[in-house]
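First up is the structure itself, then whatever we jot down about it.
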2 protein chains.
Amino acid sequence: MTSSMNESSAAPSTIPRPIKGRPRGFDRDEALAQALDVFWQRGYEPASVVELCTAMGINPPSLYAAFGNKAKLFLEAVNFYDRKYWDAARVAMGQEPDVYRGIEAFFKEAAAILVSPLAPCGCLVVLAAINVSPNSTEVYEAIRSMRRAGKTFFAQRLRRGVEDGQLPRSTDIDSLASTLKAMLEGMSIQARDGLAQAELAGIAANVVKLLPAQST
Amino acid sequence: MTSSMNESSAAPSTIPRPIKGRPRGFDRDEALAQALDVFWQRGYEPASVVELCTAMGINPPSLYAAFGNKAKLFLEAVNFYDRKYWDAARVAMGQEPDVYRGIEAFFKEAAAILVSPLAPCGCLVVLAAINVSPNSTEVYEAIRSMRRAGKTFFAQRLRRGVEDGQLPRSTDIDSLASTLKAMLEGMSIQARDGLAQAELAGIAANVVKLLPAQST
DNA sequence: GCCATTGTATAGTGGTTGCTACAGAATATC
DNA sequence: GATATTCTGTAGCAACCACTATACAATGGC
């Protein structure tokens with residue numbers, strides 16, 4: 001549990017096969033994507049290993065050989081999810097010069113991500129490991145730190161907005177970042193509960209009102 | 001699972017004991033309160049029956065005789081929680097004539113509720129049954145309908161605000177109610193993640209910005 | 001062909017889950 | 001006191017959990 005996240009996190013996983021023994025009979029990345037879907041729909045603990053194996057098309061020994069254990073598989077899946085679904089939205093928010101339009105676009109994009117492509121959805125980082133038994137606290141805390149990173153991300157963008165003169169110097173960046181994070185997390189729960197994307201986008205459109213009035 | 005929620009939900013449970021056989025050896029309401037604490041900390045499924053029994057000071061047969069099964073116990077506990085912690089805040093929001101002050105006060109009170117008295121906290125309705133295995137879908141849906149009621153509650157208050165001429169007629173009540181609900185749910189997750197009450201209150205203070213500007 | 005190495009499938013491990021059978025204890029009615 | 005009724009404690013149920021021991025299959029190097 002303490003060691004590194006070896007294997008595919010380092011290499012782009014397009015290496016032909018430099019090793020000796022019997023070759024793996026499945027595509028590791030593809031299996032990870034299948035596991036992600038199961039975790040997304042069920043959450044971390046309700047997703048059983050047999051269900052994961054069925055979805056991945058493999059048997060338990062192959063899962064444990066390739067991913068270590070259920071917790072490591074989950075954390076890899078979450079990282080994969082985070083990159084695959086949220087990287088573009090984050091980059092776009094960083095590149096948009098105007099902080100208002102940047103945050104508006106981010107939440108609009110979030111509304112789209114949160115309802116696709118599985119039902120029920122919501123953000124894996126927000127929902128999948130909220131309630132865990134005492135022996136999964138490490139997983140809970142790993143995911144919690146990812147949520148914390150989300151707040152930091154908002155705070156950085158807001159700080160730049162202040163530096164660029166778009167937001168007033170009196171802006172309480174920390175409080176505002178927490179508020180934006182709360183909106184995103186609340187949207188996740190509503191997506192999970194089956195809210196349509198149009199209504200989710202309606203919530204997202206309200207988010208900009210939380211920012212201090214544009215000085216112009 | 002289909003039947004009523006018999007027993008204490010009807011009577012104030014101060015009846016001396018009209019029945020015949022051996023009297024119950026524990027206070028039902030007190031045991032329910034203890035069970036609530038366990039569900040609050042762990043969530044529905046991670047809370048095991050043995051842990052519940054230990055906290056309640058009884059054995060499994062007593063639990064099942066008094067509450068039916070784990071699911072019914074949980075739903076009773078959630079109802080108890082909802083009344084005990086949120087009734088006052090809701091009534092206050094209804095009685096406050098000004099919709100801005102009413103919603104502001106509600107979220108300020110919510111920030112206090114969400115961090116007390118247990119750690120980690122957050123709202124039981126929001127968090128406790130988000131991730132459940134397929135055989136607990138009935139519990140999930142029961143809690144989801146409670147969340148839906150929360151939105152309806154916001155919508156009613158906003159509608160009155162429009163009728164009272166405090167909010168513009170153009171107000172999108174449905175979308176705004178969803179937005180307020182999202183804020184409350186997001187605050188729950190942050191409370192669960194250990195945010196201090198002061199910071200939570202800071203988020204709550206931002207909520208009024210979501211309402212249309214006061215016409216005065 | 002032979003060995004070392006790695007992956008796979010079968011079949012299970014011990015442990016925990018929600019729940020209950022059973023026998024005994026405590027009450028009301030008679 | 002006898003009986004019916006209800007609750008309680010012990011002990012254990014079948015089902016599921018994450019995980020793995022073992023034997024076999026498939027590869028590279030020789």
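How things are named: the first chain in the structure tokens is A, the next is B, and so on; residues count from 1 in each chain; ligands count from 1 in the order shown.
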
TODO: Identify every residue of chain B that has at least one atom within 8 Å of any atom of chain A, counting only C-alpha atoms, and report the result as a count of residues only.
DONE: 33

TODO: Output the contact residues of chain B with respect to chain D at a cut-off of 6 Å, based on only C-alpha atoms (C1' of nucleotides), as a PyMOL selection string.
DONE: chain B and resi 21-22+24

TODO: Compile the residues of chain C that lie within 12 Å of chain A, evaluated using only C-alpha atoms (C1' of nucleotides), and express the compilation as a PyMOL selection string.
DONE: chain C and resi 3-11+16

Open item on the list: I need the helix (DSSP H, G or I) residues of region 5-201 of chain B per DSSP on the backbone, written as a PyMOL selection string.
Closed with: chain B and resi 7-9+28-42+49-56+60-67+70-95+99-114+124-127+134-163+173-192+197-201

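Straight-line separation from CA of Arg90 (chain B) to CA of Arg160 (chain B): 14.3 Å.
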